[in-house]
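Q: Here's a structure for you.
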Amino acid sequence: MDTIASLFSFITTPVSWVIVQFHSLYGAIFGPDTGWAWGLSIVSLVILIRICLIPLFVKQIKATRAMQTLQPEMKKIQERYKSDKQRQSEEMMKLYKESGTNPLSSCLPILAQSPFFFALYHVLSGIASNDTIGVIDKPLLESAQKAHIFGAPLAAKFMDSEEKVQALHASLTDVRVVTAIMIILMSASQFFTQRQLMTKNVDTTVKTPFMQQQKMLMYVFPIMFAVFGINFPVGVLVYWLTTNVWTMGQQMFVIRRNPTPGSKAQAAFLERLQKQLTHSKKVRGRGNANVIKAIVAKGRDRNEFERKFINGLSKEGLVAQADGSVALSESSVATETEDGTPAAGGAPKRQQPKRQSKSQRQSAAAHSKAESGAETASDAKTSLEKTQDEPEDAAPKDKPAGGKSGSGNARQAKSGQRKGQQRPKHPSKK
């Protein structure tokens, strides 16, 4: 570890200068020889480095999602050229080039902060061995050696001997208890960060080897931190614990605001967005507008959660627009005024008839039956009166010869039968 740290000695001076500047600030508050002054200086160094690495973190997210998208294609290439490893590598590189992705982009934040990590390790090792390094002179070196975090010196390690720990004015028990707790917290934060990524921010609709690799790393990384942590000084453990907590919080923010499509985090995000749109009827924030715009642009390629989001808006009378906004659907616009008359440009609302009781339906049926019977009797009486008012010697204009036909017609009229030609009976009824 000391050999690797010496390779990054070129950045030791800038790192030590930053620590000294923060120490002068916190030393004025807590005292120059306290563990709070030196410990907070290391924490501030981590925060400063991680703020500078935010652009690389954004690039890492984009690269990781691009790799997740390419997993089905990569699997096809592996199956197609299973026996030809060279052709398989060529096709993989061609796929990366066409899609504009780089597998190493997902490791950029870790690679970028590695020089700072080893430079800090080099500085703390110099404090433990009583060597001035960078801008840390003899007075600052003595001040750093006096600084203890919960009884453990900044430069002490879990595997140090009792004589070395006593030279730093501390007890071996305090050093091992503090370092063991910090190693456990460091490994647990790394495990929780990776587990959060796997359980919430992975597309569950696609099963790829990439998911298996991430699941394996979820258990490998914490074990690696635990193994290497016993050889880290307390100051380096403070550095690594701080950067793990920062990564965990940063990832929680990204998962909540910009989740991976098809993941459980996206389902929760779209559910929150739907409630907000239902309440306010408008989109708040450019990020939410970009999400809606991307969902609308997908069309039939939407996943299950995106289709549920669009259908939920439709049930609430909202329509997602191509520009990322929402508008009221035509069916949700009011079409009547307060007095019940149709509004301008709107059709009257359809009203459902009221359901009647059984007694009401029976009385209505009896009333309509009585009215129809009265109308039938009135029609029959009127027809009879007309027949009696006709003179007996009146003959029809087209009276046929013989006279029988006329009397037959008169009898049919009196009996209420229909005049005119009758339908002939069926031969079987004669």
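As shown in the structure tokens, the chain order sets the letters A, B, ...; within each chain, residues go from 1, and ligands are also counted from 1 in the order they appear.
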Using only C-alpha atoms, find each residue in range 245-341 of chain A having at least one atom no more than 8 Å away from range 180-194 of chain A; report its shortest atom-to-atom pair and that distance in Å (one decimal), rows by chain then rising number, as a Markdown table.

A:
| residue | atom | partner | partner_atom | distance |
| --- | --- | --- | --- | --- |
| A:Val245 | CA | A:Ser189 | CA | 6.5 |
| A:Thr247 | CA | A:Thr193 | CA | 7.5 |
| A:Met248 | CA | A:Thr193 | CA | 5.2 |
| A:Gln251 | CA | A:Thr193 | CA | 7.6 |

Q: If you run DSSP on the backbone, which residues of range 106-215 of chain A are helix (DSSP H, G or I), as a PyMOL selection string?

A: chain A and resi 106-128+138-146+162-167+172-200+209-215

Q: Do a neighbour search on range 122-129 of chain A at 6 Å with only C-alpha atoms, toss out local chain neighbours closer than 2 positions, and write the hits as a ChimeraX atom specification.

A: /A:5,119-120,131,155

Q: To one decimal place, how far is CA of Ser171 in chain A from CA of Ser24 in chain A in Å?

A: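 Those two atoms sit 27.8 Å apart.
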